[in-house]
$ cat data_32.cif   # mmCIF, C-alpha atoms
data_entry
loop_
_atom_site.label_atom_id
_atom_site.label_comp_id
_atom_site.auth_asym_id
_atom_site.auth_seq_id
_atom_site.Cartn_x
_atom_site.Cartn_y
_atom_site.Cartn_z
CA MET A 1156 106.10 130.72 30.80
CA ALA A 1157 107.45 127.27 30.00
CA GLY A 1158 109.46 127.03 26.81
CA LEU A 1159 111.11 130.44 27.13
CA ALA A 1160 114.65 130.64 25.84
CA ARG A 1161 117.02 131.44 28.68
CA PRO A 1162 118.92 134.71 28.32
CA ARG A 1163 122.46 134.72 26.99
CA GLN A 1164 123.08 138.44 27.44
CA ALA A 1165 124.22 140.03 30.70
CA VAL A 1166 123.91 143.79 31.16
CA ILE A 1167 126.22 145.35 33.75
CA VAL A 1168 125.71 148.92 34.91
CA ALA A 1169 129.05 150.41 35.94
CA GLY A 1170 128.93 154.12 35.18
CA GLY A 1171 129.03 155.96 38.49
CA ARG A 1172 131.97 157.80 39.99
CA GLY A 1173 132.43 155.48 42.97
CA THR A 1174 132.98 158.37 45.34
CA ARG A 1175 132.52 156.25 48.46
CA LEU A 1176 135.81 154.53 47.63
CA GLY A 1177 137.68 157.82 47.93
CA ALA A 1178 141.22 157.78 46.53
CA LEU A 1179 140.76 154.31 45.06
CA THR A 1180 138.60 155.72 42.26
CA ALA A 1181 140.51 158.95 41.73
CA ASP A 1182 142.31 157.48 38.73
CA ARG A 1183 140.09 154.58 37.73
CA PRO A 1184 136.42 153.53 37.63
CA LYS A 1185 135.05 151.33 40.38
CA PRO A 1186 134.97 148.09 38.31
CA LEU A 1187 138.73 148.36 37.83
CA VAL A 1188 139.55 148.75 41.52
CA GLU A 1189 141.91 145.91 42.31
CA VAL A 1190 140.72 143.33 44.81
CA GLY A 1191 143.21 140.61 45.59
CA GLY A 1192 145.54 141.80 42.85
CA ARG A 1193 143.03 141.85 39.98
CA PRO A 1194 140.30 144.25 38.86
CA PHE A 1195 136.95 143.44 40.44
CA LEU A 1196 135.40 143.34 36.96
CA ASP A 1197 137.52 140.29 36.15
CA ALA A 1198 135.79 138.25 38.87
CA LEU A 1199 132.38 139.44 37.73
CA LEU A 1200 133.00 138.55 34.08
CA ARG A 1201 134.43 135.15 35.02
CA SER A 1202 131.26 134.41 36.97
CA VAL A 1203 129.04 135.44 34.06
CA ALA A 1204 131.00 133.32 31.58
CA ASP A 1205 130.94 130.34 33.95
CA ARG A 1206 127.12 130.44 34.01
CA GLY A 1207 126.74 130.10 30.26
CA PHE A 1208 126.30 133.73 29.22
CA GLU A 1209 127.82 134.63 25.89
CA ARG A 1210 127.44 138.38 25.51
CA VAL A 1211 127.87 141.30 27.90
CA LEU A 1212 126.69 144.87 27.48
CA LEU A 1213 128.44 147.35 29.76
CA LEU A 1214 126.58 150.56 30.64
CA LEU A 1215 129.46 152.92 31.36
CA GLY A 1216 130.09 156.51 32.37
CA TYR A 1217 133.03 157.54 34.55
CA ARG A 1218 136.35 156.81 32.81
CA ALA A 1219 134.56 154.53 30.35
CA GLU A 1220 137.56 154.34 28.06
CA MET A 1221 139.59 152.57 30.75
CA VAL A 1222 136.97 149.82 31.05
CA VAL A 1223 136.73 149.47 27.27
CA ASP A 1224 140.50 149.12 26.99
CA TYR A 1225 140.59 146.58 29.80
CA VAL A 1226 137.89 144.24 28.47
CA ALA A 1227 139.19 144.50 24.88
CA GLY A 1228 136.12 142.85 23.41
CA GLY A 1229 135.93 140.07 26.00
CA ARG A 1230 137.93 137.30 24.33
CA ARG A 1231 139.95 136.42 27.44
CA TRP A 1232 136.70 135.42 29.20
CA GLY A 1233 135.16 133.75 26.17
CA LEU A 1234 132.63 136.57 25.93
CA SER A 1235 131.57 139.12 23.36
CA ILE A 1236 131.55 142.47 25.20
CA ASP A 1237 129.97 145.66 23.90
CA HIS A 1238 129.36 148.95 25.68
CA VAL A 1239 127.31 152.13 25.77
CA ALA A 1240 128.78 155.17 27.53
CA THR A 1241 126.81 158.14 28.85
CA ASP A 1242 127.56 160.93 31.30
CA PRO A 1243 128.99 159.74 34.64
CA ASP A 1244 126.20 161.53 36.51
CA ASP A 1245 123.36 159.93 34.53
CA GLU A 1246 120.86 157.74 36.36
CA THR A 1247 120.47 154.07 35.47
CA GLY A 1248 117.23 154.84 33.63
CA THR A 1249 119.06 157.14 31.23
CA ARG A 1250 121.75 154.54 30.63
CA PHE A 1251 119.13 151.92 29.78
CA VAL A 1252 117.34 154.21 27.35
CA ALA A 1253 120.65 154.94 25.60
CA ALA A 1254 121.26 151.18 25.29
CA ALA A 1255 117.71 150.15 24.34
CA ASP A 1256 118.58 149.03 20.80
CA ARG A 1257 121.40 146.80 22.11
CA LEU A 1258 119.24 144.84 24.55
CA ASP A 1259 117.92 141.34 23.98
CA ASP A 1260 114.26 140.64 24.62
CA ARG A 1261 115.33 139.04 27.90
CA PHE A 1262 118.58 139.62 29.79
CA LEU A 1263 120.39 139.35 33.11
CA PHE A 1264 120.98 142.68 34.85
CA LEU A 1265 123.89 143.14 37.25
CA TYR A 1266 125.33 145.92 39.36
CA GLY A 1267 129.01 146.40 38.56
CA ASP A 1268 130.00 146.41 42.22
CA ASN A 1269 128.28 143.24 43.53
CA LEU A 1270 129.50 139.65 43.24
CA TRP A 1271 127.46 136.59 44.19
CA PRO A 1272 127.76 132.90 43.16
CA MET A 1273 124.70 132.92 40.96
CA PRO A 1274 122.85 129.55 40.70
CA PHE A 1275 121.35 130.58 37.39
CA GLU A 1276 119.49 127.37 36.59
CA ARG A 1277 117.55 127.65 39.85
CA MET A 1278 116.87 131.30 39.17
CA TRP A 1279 115.65 130.55 35.67
CA GLN A 1280 113.34 127.80 36.93
CA ARG A 1281 111.71 130.19 39.41
CA PHE A 1282 111.35 132.91 36.81
CA THR A 1283 109.67 130.62 34.28
CA GLU A 1284 107.21 129.35 36.89
CA HIS A 1285 105.64 132.82 37.15
CA ASP A 1286 104.11 135.11 34.56
CA VAL A 1287 106.20 138.18 35.42
CA PRO A 1288 108.49 140.46 33.42
CA ALA A 1289 111.11 140.86 36.16
CA MET A 1290 112.77 138.97 39.00
CA VAL A 1291 115.39 140.44 41.33
CA THR A 1292 117.72 138.64 43.70
CA VAL A 1293 117.28 139.44 47.40
CA TYR A 1294 119.80 138.56 50.10
CA ALA A 1295 117.82 137.49 53.18
CA ASN A 1296 120.10 139.54 55.48
CA ARG A 1297 119.23 137.51 58.58
CA ASP A 1298 122.75 138.19 59.85
CA GLY A 1299 122.40 141.98 59.60
CA TYR A 1300 125.17 142.15 57.00
CA THR A 1301 123.88 145.54 55.90
CA ARG A 1302 120.68 147.57 56.15
CA SER A 1303 117.70 146.01 54.40
CA ASN A 1304 115.90 147.82 51.58
CA VAL A 1305 113.03 145.50 50.58
CA ARG A 1306 110.11 143.60 52.01
CA LEU A 1307 108.65 140.45 50.45
CA ASP A 1308 105.26 138.80 50.82
CA ASP A 1309 104.82 135.14 51.69
CA ALA A 1310 104.90 134.13 48.02
CA GLY A 1311 108.22 135.88 47.42
CA PHE A 1312 107.04 138.98 45.59
CA VAL A 1313 108.59 142.35 46.37
CA VAL A 1314 105.96 144.51 48.08
CA ARG A 1315 108.18 147.39 49.15
CA TYR A 1316 111.46 148.92 48.06
CA ASP A 1317 112.95 151.70 50.19
CA ALA A 1318 116.15 153.25 48.83
CA SER A 1319 116.64 155.14 52.11
CA ARG A 1320 116.63 151.85 54.05
CA SER A 1321 114.84 153.62 56.89
CA GLU A 1322 111.31 152.19 56.77
CA ALA A 1323 110.22 149.77 59.47
CA GLY A 1324 109.65 146.13 58.59
CA LEU A 1325 112.22 145.82 55.80
CA ALA A 1326 113.82 142.38 55.55
CA GLY A 1327 116.23 141.70 52.72
CA VAL A 1328 118.64 143.42 50.37
CA GLU A 1329 118.10 143.71 46.63
CA ILE A 1330 121.50 142.92 45.06
CA GLY A 1331 120.78 143.04 41.34
CA TYR A 1332 121.22 139.71 39.53
CA ALA A 1333 117.82 140.42 37.98
CA ILE A 1334 116.19 138.68 35.03
CA LEU A 1335 114.38 141.37 33.05
CA GLU A 1336 112.20 141.44 29.99
CA ARG A 1337 113.05 144.35 27.72
CA SER A 1338 109.40 145.41 27.91
CA VAL A 1339 109.99 146.75 31.44
CA LEU A 1340 111.80 149.69 29.82
CA ASP A 1341 108.39 151.00 28.75
CA HIS A 1342 108.17 152.45 32.26
CA LEU A 1343 111.01 154.79 31.33
CA ALA A 1344 109.14 156.44 28.46
CA ASP A 1345 107.91 159.53 30.31
CA ASP A 1346 110.88 160.24 32.59
CA PRO A 1347 114.01 158.18 31.93
CA ASP A 1348 116.42 160.11 34.15
CA ARG A 1349 115.62 158.19 37.34
CA PRO A 1350 117.16 155.31 39.28
CA LEU A 1351 116.08 151.92 38.04
CA GLN A 1352 114.35 151.17 41.34
CA SER A 1353 111.92 154.09 41.10
CA ALA A 1354 111.55 154.07 37.32
CA ILE A 1355 110.94 150.35 36.77
CA TYR A 1356 110.71 148.43 40.04
CA ALA A 1357 108.19 150.74 41.74
CA PRO A 1358 105.42 150.32 39.12
CA LEU A 1359 106.05 146.58 38.96
CA ILE A 1360 105.72 146.35 42.74
CA ALA A 1361 102.43 148.23 42.54
CA GLN A 1362 101.18 145.65 40.02
CA ARG A 1363 102.60 142.72 42.08
CA ARG A 1364 104.78 141.74 39.16
CA LEU A 1365 108.26 141.99 40.67
CA LEU A 1366 109.28 138.51 41.76
CA ALA A 1367 112.20 137.84 44.10
CA PHE A 1368 114.78 135.07 44.19
CA LEU A 1369 115.66 134.83 47.88
CA THR A 1370 119.19 133.77 48.81
CA GLU A 1371 120.88 133.08 52.13
CA HIS A 1372 124.34 133.01 50.54
CA ARG A 1373 126.28 136.19 51.28
CA TYR A 1374 127.11 138.53 48.41
CA TYR A 1375 130.32 140.55 48.12
CA SER A 1376 130.91 144.10 47.01
CA VAL A 1377 133.36 146.89 46.22
CA GLY A 1378 130.79 149.56 47.02
CA LYS A 1379 132.47 150.61 50.29
CA PRO A 1380 136.09 150.45 51.49
CA GLU A 1381 135.18 148.32 54.51
CA ARG A 1382 133.84 145.59 52.20
CA LEU A 1383 137.11 145.16 50.30
CA PRO A 1384 138.95 142.77 52.67
CA ILE A 1385 136.22 140.13 52.81
CA THR A 1386 135.55 140.54 49.08
CA ALA A 1387 139.24 139.90 48.42
CA ALA A 1388 139.09 136.82 50.67
CA TYR A 1389 136.04 135.52 48.82
CA ILE A 1390 137.59 136.03 45.37
CA ALA A 1391 140.90 134.48 46.45
CA GLY A 1392 138.83 131.68 47.94
CA GLY A 1393 140.59 128.49 47.17
CA PRO A 1394 138.97 125.07 47.32
CA ALA A 1395 137.08 123.85 50.36
CA VAL A 1396 135.11 120.81 51.43
CA ILE A 1397 132.54 120.32 54.19
CA LEU A 1398 132.04 116.95 55.87
CA ASP A 1399 129.50 115.45 58.21
CA ARG A 1400 131.08 113.74 61.21
CA ASP A 1401 129.24 110.60 62.36
CA GLY A 1402 129.07 108.08 59.53
CA VAL A 1403 131.62 109.97 57.42
CA LEU A 1404 134.67 110.59 59.60
CA ASN A 1405 133.91 108.08 62.34
CA GLU A 1406 131.74 105.02 62.75
CA ARG A 1407 128.16 105.94 63.55
CA MET A 1408 126.79 104.80 66.91
CA PRO A 1409 123.51 102.88 67.11
CA ARG A 1410 120.39 104.99 66.67
CA ALA A 1411 119.62 107.37 69.56
CA THR A 1412 123.05 106.83 71.10
CA TYR A 1413 126.03 109.14 70.83
CA VAL A 1414 129.82 109.25 70.93
CA ARG A 1415 130.26 110.47 74.51
CA SER A 1416 134.04 110.31 74.83
CA TRP A 1417 137.15 109.73 72.75
CA ASP A 1418 137.14 106.06 73.79
CA GLU A 1419 133.94 105.63 71.74
CA PHE A 1420 135.28 107.43 68.65
CA ARG A 1421 136.35 105.11 65.81
CA TRP A 1422 137.84 106.49 62.58
CA LYS A 1423 136.35 105.10 59.38
CA PRO A 1424 138.80 103.43 56.98
CA GLY A 1425 140.80 105.79 54.79
CA VAL A 1426 139.56 109.00 56.38
CA LEU A 1427 142.84 110.22 57.86
CA ASP A 1428 144.65 109.60 54.57
CA GLY A 1429 141.83 111.34 52.70
CA LEU A 1430 142.00 114.41 54.92
CA ARG A 1431 145.75 114.57 54.31
CA THR A 1432 145.08 114.41 50.56
CA PHE A 1433 142.64 117.32 50.83
CA ARG A 1434 145.27 119.42 52.64
CA GLU A 1435 147.95 118.55 50.10
CA ALA A 1436 145.57 119.65 47.33
CA GLY A 1437 145.10 123.03 49.02
CA PHE A 1438 141.58 122.40 50.36
CA ARG A 1439 140.23 123.92 53.54
CA THR A 1440 138.23 121.33 55.46
CA PHE A 1441 135.19 121.99 57.64
CA VAL A 1442 133.01 119.67 59.70
CA VAL A 1443 129.30 120.15 60.44
CA SER A 1444 127.51 117.79 62.79
CA ASN A 1445 124.12 117.33 64.45
CA GLN A 1446 124.77 116.54 68.12
CA ALA A 1447 121.37 116.16 69.74
CA GLY A 1448 123.06 114.18 72.50
CA VAL A 1449 123.95 117.50 74.13
CA ALA A 1450 120.30 118.52 74.44
CA ARG A 1451 119.40 115.02 75.60
CA GLY A 1452 121.99 115.01 78.36
CA ALA A 1453 124.23 112.30 76.90
CA LEU A 1454 127.25 114.62 76.94
CA THR A 1455 128.09 118.24 77.65
CA MET A 1456 129.42 120.87 75.26
CA GLY A 1457 132.74 120.61 77.12
CA GLU A 1458 132.91 116.86 76.55
CA LEU A 1459 132.02 117.37 72.88
CA ALA A 1460 134.77 119.99 72.56
CA ALA A 1461 137.27 117.55 74.08
CA ILE A 1462 136.34 114.92 71.50
CA HIS A 1463 136.80 117.43 68.71
CA ASP A 1464 140.11 118.65 70.09
CA ARG A 1465 141.46 115.10 70.06
CA MET A 1466 139.98 114.54 66.61
CA CYS A 1467 141.75 117.62 65.21
CA ARG A 1468 145.05 116.63 66.82
CA GLU A 1469 144.94 113.18 65.23
CA VAL A 1470 144.06 114.67 61.86
CA GLY A 1471 147.02 117.05 62.16
CA ALA A 1472 149.37 114.25 63.17
CA ALA A 1473 148.33 112.36 60.04
CA GLY A 1474 149.11 115.38 57.83
CA GLY A 1475 145.60 116.78 57.44
CA ARG A 1476 143.83 119.77 58.95
CA ILE A 1477 140.34 120.68 60.09
CA ASP A 1478 139.78 124.42 59.66
CA GLY A 1479 136.48 124.71 61.47
CA ILE A 1480 133.83 122.64 63.25
CA TYR A 1481 130.15 123.57 63.51
CA VAL A 1482 127.73 121.65 65.70
CA CYS A 1483 124.02 121.79 66.34
CA PRO A 1484 123.44 120.83 70.00
CA HIS A 1485 119.65 121.08 69.78
CA ASP A 1486 117.12 118.28 70.06
CA TRP A 1487 115.26 116.96 67.03
CA ASP A 1488 112.10 118.95 67.61
CA GLU A 1489 113.47 122.34 68.73
CA GLY A 1490 112.90 123.92 65.33
CA CYS A 1491 116.35 125.53 65.11
CA ALA A 1492 117.89 126.80 61.87
CA CYS A 1493 121.09 124.80 62.32
CA ARG A 1494 120.00 121.17 62.63
CA LYS A 1495 120.31 119.39 59.32
CA PRO A 1496 118.39 119.17 57.01
CA ALA A 1497 118.29 122.93 57.72
CA PRO A 1498 121.31 124.63 56.11
CA GLY A 1499 122.27 126.88 59.02
CA MET A 1500 125.66 125.36 59.82
CA LEU A 1501 126.77 125.41 56.18
CA LEU A 1502 125.67 129.02 55.82
CA GLN A 1503 127.51 129.99 58.99
CA ALA A 1504 130.68 128.38 57.68
CA GLN A 1505 130.20 130.29 54.43
CA ARG A 1506 129.94 133.64 56.22
CA ASP A 1507 132.80 132.94 58.62
CA HIS A 1508 135.23 131.84 55.91
CA GLN A 1509 133.95 133.58 52.73
CA LEU A 1510 133.22 130.26 51.01
CA ASP A 1511 131.61 129.86 47.62
CA LEU A 1512 129.12 127.15 48.52
CA THR A 1513 128.27 126.47 44.87
CA ARG A 1514 131.83 125.09 44.59
CA THR A 1515 132.10 123.53 48.05
CA THR A 1516 131.07 119.87 48.14
CA PHE A 1517 129.37 118.56 51.26
CA ILE A 1518 130.17 114.92 52.03
CA GLY A 1519 127.47 113.31 54.15
CA ASP A 1520 125.96 109.93 54.80
CA ASP A 1521 122.18 110.34 54.82
CA GLU A 1522 119.38 112.18 53.11
CA ARG A 1523 119.34 115.01 55.66
CA ASP A 1524 122.87 115.89 54.62
CA ALA A 1525 121.87 116.02 50.96
CA GLN A 1526 118.87 118.17 51.84
CA ALA A 1527 120.99 120.59 53.87
CA ALA A 1528 123.48 120.90 51.01
CA ASP A 1529 120.72 121.52 48.50
CA ALA A 1530 119.13 124.19 50.71
CA ALA A 1531 122.52 125.92 50.99
CA GLY A 1532 123.15 125.69 47.24
CA ALA A 1533 126.08 123.29 47.63
CA PRO A 1534 126.77 120.06 45.72
CA SER A 1535 126.86 116.90 47.82
CA ILE A 1536 128.11 113.33 47.83
CA LEU A 1537 126.70 110.68 50.14
CA VAL A 1538 128.95 108.01 51.62
CA ASP A 1539 127.11 104.72 51.18
CA GLY A 1540 129.84 102.12 51.40
CA THR A 1541 130.12 101.56 47.65
CA LEU A 1542 133.17 103.79 47.18
CA PRO A 1543 136.34 103.94 49.25
CA PHE A 1544 136.84 107.30 50.93
CA ALA A 1545 139.93 107.88 48.77
CA ASP A 1546 137.79 107.68 45.63
CA ILE A 1547 135.35 110.23 47.02
CA VAL A 1548 138.25 112.56 47.81
CA ASP A 1549 139.61 112.16 44.28
CA ARG A 1550 136.18 112.92 42.82
CA VAL A 1551 135.86 116.14 44.83
CA ILE A 1552 139.36 117.31 43.91
CA THR A 1553 138.89 116.50 40.21
CA LYS A 1554 135.61 118.39 40.08
CA ARG A 1555 137.19 121.49 41.60
CA LEU A 1556 140.12 121.36 39.15
CA GLN A 1557 137.63 121.24 36.28
CA GLN A 1558 135.82 124.29 37.65
CA GLU A 1559 139.08 126.21 37.84
CA GLU A 1560 139.64 125.65 34.12
CA VAL A 1561 136.85 128.13 33.37
CA PRO A 1562 138.42 131.27 31.78
#
$ encode --input "data_32.cif" --output "structure tokens"
Amino acid sequence: MAGLARPRQAVIVAGGRGTRLGALTADRPKPLVEVGGRPFLDALLRSVADRGFERVLLLLGYRAEMVVDYVAGGRRWGLSIDHVATDPDDETGTRFVAAADRLDDRFLFLYGDNLWPMPFERMWQRFTEHDVPAMVTVYANRDGYTRSNVRLDDAGFVVRYDASRSEAGLAGVEIGYAILERSVLDHLADDPDRPLQSAIYAPLIAQRRLLAFLTEHRYYSVGKPERLPITAAYIAGGPAVILDRDGVLNERMPRATYVRSWDEFRWKPGVLDGLRTFREAGFRTFVVSNQAGVARGALTMGELAAIHDRMCREVGAAGGRIDGIYVCPHDWDEGCACRKPAPGMLLQAQRDHQLDLTRTTFIGDDERDAQAADAAGAPSILVDGTLPFADIVDRVITKRLQQEEVP
């Protein structure tokens, strides 16, 4: 499918009553529930605009007029926003049929209550590598964030969707963010008043034509009241940076030897000043570090913790701050999910602190760091001695300021 034109239209279904939110949706539709002081829909539209989409079609129902008044055509996001409104109790299939003449040949489909930092170029590459009419995004759910509703085969095709989430062997959560060809609506011809999953996804699964884009990055939602606090924290976000330790913060020891005590720890030039600059710019700072010396008996976890305690105190005394430290204590060949180049430590930091890894630069010093960042969906910079640490800090801060200029 090489040569396909990438979609520029996003279709957001946001018509239900949002009854699970109780009093929060008594006087407004779910997309306008405020999270962190702004309607959730604002964050969703900002994300869509940031990824190069130009037009949005809203499939509305409950209190549709409030959403229409709020978006006011979409100019504030740099978007052209249209809508189709049907009965609040209509299924998604009915909403799509009502909007059929407004759909592009190919479009991005979103649920109006899920937010995820979509790496669209990667998604588009995967979609174009397969001759399929549909690709959904699936959260791997290895952390048990919610109950799974899909199962994938080894090639990443959806082989089972269970709306009840009760079937054995499910592993992953379908979160929307689907690339769809308009032709998939043909499955609605006989009985449109059904959920999208049974009307469209089920026949595609039977034909092995529903591809999945698997993500380890947590998604956020306003579907349930208990999700609102972490969703607000994610949207509020703020800038963050992740750094490797040895070779970035401190001088690296010779190969196969380790910093075993504070006496062997040597700050690299400019690092303490750079960490202060990050704090002054409002960045949260995290450290991730492979420490195979623990598994090899060179030092204990207690001794490692003492080194890090002293490290954090010196950073604080210099005006900086380290907000979290993640270490992999395993040996090289243990096959863990945390040792870089695996992305486990970055993903754990993301879940613990509601980071947007697509906007969180990882500063490392070797190829494993770059590979871990890429696997986590984060940008990276490698320290190679050609740039002073202050220049790297300035580059990270400038990039984040540019990202924040998006409408």
$ resolve_selection --input "data_32.cif" --expression "the PyMOL selection byres ((chain A and resi 1189) around 12)" --output "ChimeraX atom specification"
/A:1176,1179-1180,1183-1188,1190-1198,1268,1377,1380,1383-1384,1386-1387,1390
$ axis_aligned_box --input "data_32.cif" --around "region 1181-1185 of chain A" --padding-each-side "4 Å" --output "JSON"
{"center_x": 138.7, "center_y": 155.1, "center_z": 39.7, "size_x": 15.3, "size_y": 15.6, "size_z": 12.1}
$ resolve_selection --input "data_32.cif" --expression "the PyMOL selection byres ((chain A and resi 1251) around 9)" --output "list in words"
Val1168, Leu1214, Glu1246, Thr1247, Gly1248, Thr1249, Arg1250, Val1252, Ala1253, Ala1254, Ala1255, Leu1258, Leu1340, Leu1343, Pro1347 and Leu1351 of chain A
$ closest_residue --input "data_32.cif" --among "A:Asp1182, A:Asp1478, A:Glu1329, A:Glu1381" --to "Asp1507 (chain A)" --atoms "all atoms listed in the file"
A:Asp1478
$ residues_around --input "data_32.cif" --residues "Ser1319 (chain A)" --least-positions-apart "3" --cutoff "10 Å" --atoms "all atoms listed in the file" --output "number ranges by chain"
A: 1302-1304, 1316, 1322
$ closest_residue --input "data_32.cif" --among "A:Gln1558, A:Ser1376, A:Thr1455, A:Ser1321" --to "Asn1269 (chain A)" --atoms "only C-alpha atoms"
A:Ser1376
$ closest_residue --input "data_32.cif" --among "A:Leu1502, A:Leu1325, A:Ala1160, A:Ile1167" --to "Leu1270 (chain A)" --atoms "only C-alpha atoms"
A:Ile1167
$ residues_around --input "data_32.cif" --residues "region 1222-1228 of chain A" --least-positions-apart "2" --cutoff "8 Å" --atoms "all atoms listed in the file" --output "list in words"
Pro1184, Pro1186, Leu1187, Arg1218, Ala1219, Glu1220, Arg1230, Leu1234, Ser1235, Ile1236, Asp1237 and His1238 of chain A
$ atom_distance --input "data_32.cif" --atom1 "CA of Arg1439 (chain A)" --atom2 "CA of Ile1462 (chain A)"
20.5 Å
$ residues_near_point --input "data_32.cif" --point "(133.8, 118.9, 64.0)" --cutoff "9 Å" --atoms "all atoms listed in the file" --output "PyMOL selection string"
chain A and resi 1398-1400+1441-1444+1460+1462-1464+1466-1467+1477+1479-1482
$ write_last_selection --input "data_32.cif" --atoms "C-alpha atoms" --output "PDB file, in the coordinates of the input"
ATOM      1  CA  LEU A1398     132.040 116.950  55.870  1.00  0.00           C
ATOM      2  CA  ASP A1399     129.500 115.450  58.210  1.00  0.00           C
ATOM      3  CA  ARG A1400     131.080 113.740  61.210  1.00  0.00           C
ATOM      4  CA  PHE A1441     135.190 121.990  57.640  1.00  0.00           C
ATOM      5  CA  VAL A1442     133.010 119.670  59.700  1.00  0.00           C
ATOM      6  CA  VAL A1443     129.300 120.150  60.440  1.00  0.00           C
ATOM      7  CA  SER A1444     127.510 117.790  62.790  1.00  0.00           C
ATOM      8  CA  ALA A1460     134.770 119.990  72.560  1.00  0.00           C
ATOM      9  CA  ILE A1462     136.340 114.920  71.500  1.00  0.00           C
ATOM     10  CA  HIS A1463     136.800 117.430  68.710  1.00  0.00           C
ATOM     11  CA  ASP A1464     140.110 118.650  70.090  1.00  0.00           C
ATOM     12  CA  MET A1466     139.980 114.540  66.610  1.00  0.00           C
ATOM     13  CA  CYS A1467     141.750 117.620  65.210  1.00  0.00           C
ATOM     14  CA  ILE A1477     140.340 120.680  60.090  1.00  0.00           C
ATOM     15  CA  GLY A1479     136.480 124.710  61.470  1.00  0.00           C
ATOM     16  CA  ILE A1480     133.830 122.640  63.250  1.00  0.00           C
ATOM     17  CA  TYR A1481     130.150 123.570  63.510  1.00  0.00           C
ATOM     18  CA  VAL A1482     127.730 121.650  65.700  1.00  0.00           C
TER      19      VAL A1482
END
$ resolve_selection --input "data_32.cif" --expression "the PyMOL selection byres ((chain A and resi 1271-1281) around 8)" --output "PDB file with C-alpha atoms, in the coordinates of the input"
ATOM      1  CA  ARG A1161     117.020 131.440  28.680  1.00  0.00           C
ATOM      2  CA  SER A1202     131.260 134.410  36.970  1.00  0.00           C
ATOM      3  CA  ARG A1206     127.120 130.440  34.010  1.00  0.00           C
ATOM      4  CA  ASN A1269     128.280 143.240  43.530  1.00  0.00           C
ATOM      5  CA  LEU A1270     129.500 139.650  43.240  1.00  0.00           C
ATOM      6  CA  PHE A1282     111.350 132.910  36.810  1.00  0.00           C
ATOM      7  CA  THR A1283     109.670 130.620  34.280  1.00  0.00           C
ATOM      8  CA  GLU A1284     107.210 129.350  36.890  1.00  0.00           C
ATOM      9  CA  HIS A1285     105.640 132.820  37.150  1.00  0.00           C
ATOM     10  CA  TYR A1332     121.220 139.710  39.530  1.00  0.00           C
ATOM     11  CA  PHE A1368     114.780 135.070  44.190  1.00  0.00           C
ATOM     12  CA  HIS A1372     124.340 133.010  50.540  1.00  0.00           C
ATOM     13  CA  ARG A1373     126.280 136.190  51.280  1.00  0.00           C
ATOM     14  CA  TYR A1374     127.110 138.530  48.410  1.00  0.00           C
ATOM     15  CA  TYR A1375     130.320 140.550  48.120  1.00  0.00           C
ATOM     16  CA  ASP A1511     131.610 129.860  47.620  1.00  0.00           C
ATOM     17  CA  LEU A1512     129.120 127.150  48.520  1.00  0.00           C
ATOM     18  CA  THR A1513     128.270 126.470  44.870  1.00  0.00           C
ATOM     19  CA  GLY A1532     123.150 125.690  47.240  1.00  0.00           C
TER      20      GLY A1532
END
$ atom_distance --input "data_32.cif" --atom1 "CA of Arg1410 (chain A)" --atom2 "CA of Cys1491 (chain A)"
21.0 Å
$ closest_residue --input "data_32.cif" --among "A:Val1293, A:Ile1355, A:Ala1461, A:Leu1159" --to "Ser1338 (chain A)" --atoms "only C-alpha atoms"
A:Ile1355
$ atom_distance --input "data_32.cif" --atom1 "CA of Phe1262 (chain A)" --atom2 "CA of Leu1199 (chain A)"
15.9 Å
$ closest_residue --input "data_32.cif" --among "A:Leu1459, A:Ile1547, A:Ala1531, A:Ala1395" --to "Cys1493 (chain A)" --atoms "only C-alpha atoms"
A:Ala1531
$ closest_residue --input "data_32.cif" --among "A:Lys1379, A:Arg1431, A:Arg1494, A:Arg1550" --to "Gly1475 (chain A)" --atoms "all atoms listed in the file"
A:Arg1431
$ residues_around --input "data_32.cif" --residues "region 1535-1539 of chain A" --least-positions-apart "3" --cutoff "9 Å" --atoms "all atoms listed in the file" --output "list in words"
Gly1402, Val1403, Thr1515, Thr1516, Phe1517, Ile1518, Gly1519, Asp1520, Asp1521, Glu1522, Asp1524, Ala1525, Ala1528, Asp1529, Leu1542, Pro1543, Phe1544, Ile1547 and Val1551 of chain A
$ residues_around --input "data_32.cif" --residues "Ala1357 (chain A)" --least-positions-apart "3" --cutoff "12 Å" --atoms "only C-alpha atoms" --output "number ranges by chain"
A: 1289, 1305, 1313-1318, 1339, 1342-1343, 1349-1354, 1360-1365
$ residues_around --input "data_32.cif" --residues "Gly1392 (chain A)" --least-positions-apart "3" --cutoff "7 Å" --atoms "all atoms listed in the file" --output "PyMOL selection string"
chain A and resi 1388-1389+1510
$ decode --input "data_32.cif" --residues "region 1173-1177 of chain A" --atoms "N, CA and C atoms" --output "JSON list (two decimals), in the first residue's frame"
[["chain", "number", "residue", "atom", "x", "y", "z"],
["A", 1173, "GLY", "N", -22.72, 9.40, 28.86],
["A", 1173, "GLY", "CA", -21.70, 9.46, 29.89],
["A", 1173, "GLY", "C", -22.22, 9.19, 31.28],
["A", 1174, "THR", "N", -23.12, 8.23, 31.40],
["A", 1174, "THR", "CA", -23.78, 8.00, 32.68],
["A", 1174, "THR", "C", -22.84, 7.54, 33.78],
["A", 1175, "ARG", "N", -21.73, 6.92, 33.43],
["A", 1175, "ARG", "CA", -20.80, 6.45, 34.45],
["A", 1175, "ARG", "C", -20.15, 7.60, 35.22],
["A", 1176, "LEU", "N", -20.20, 8.81, 34.65],
["A", 1176, "LEU", "CA", -19.64, 9.96, 35.33],
["A", 1176, "LEU", "C", -20.62, 10.63, 36.27],
["A", 1177, "GLY", "N", -21.83, 10.10, 36.35],
["A", 1177, "GLY", "CA", -22.80, 10.59, 37.32],
["A", 1177, "GLY", "C", -23.13, 12.05, 37.14]]
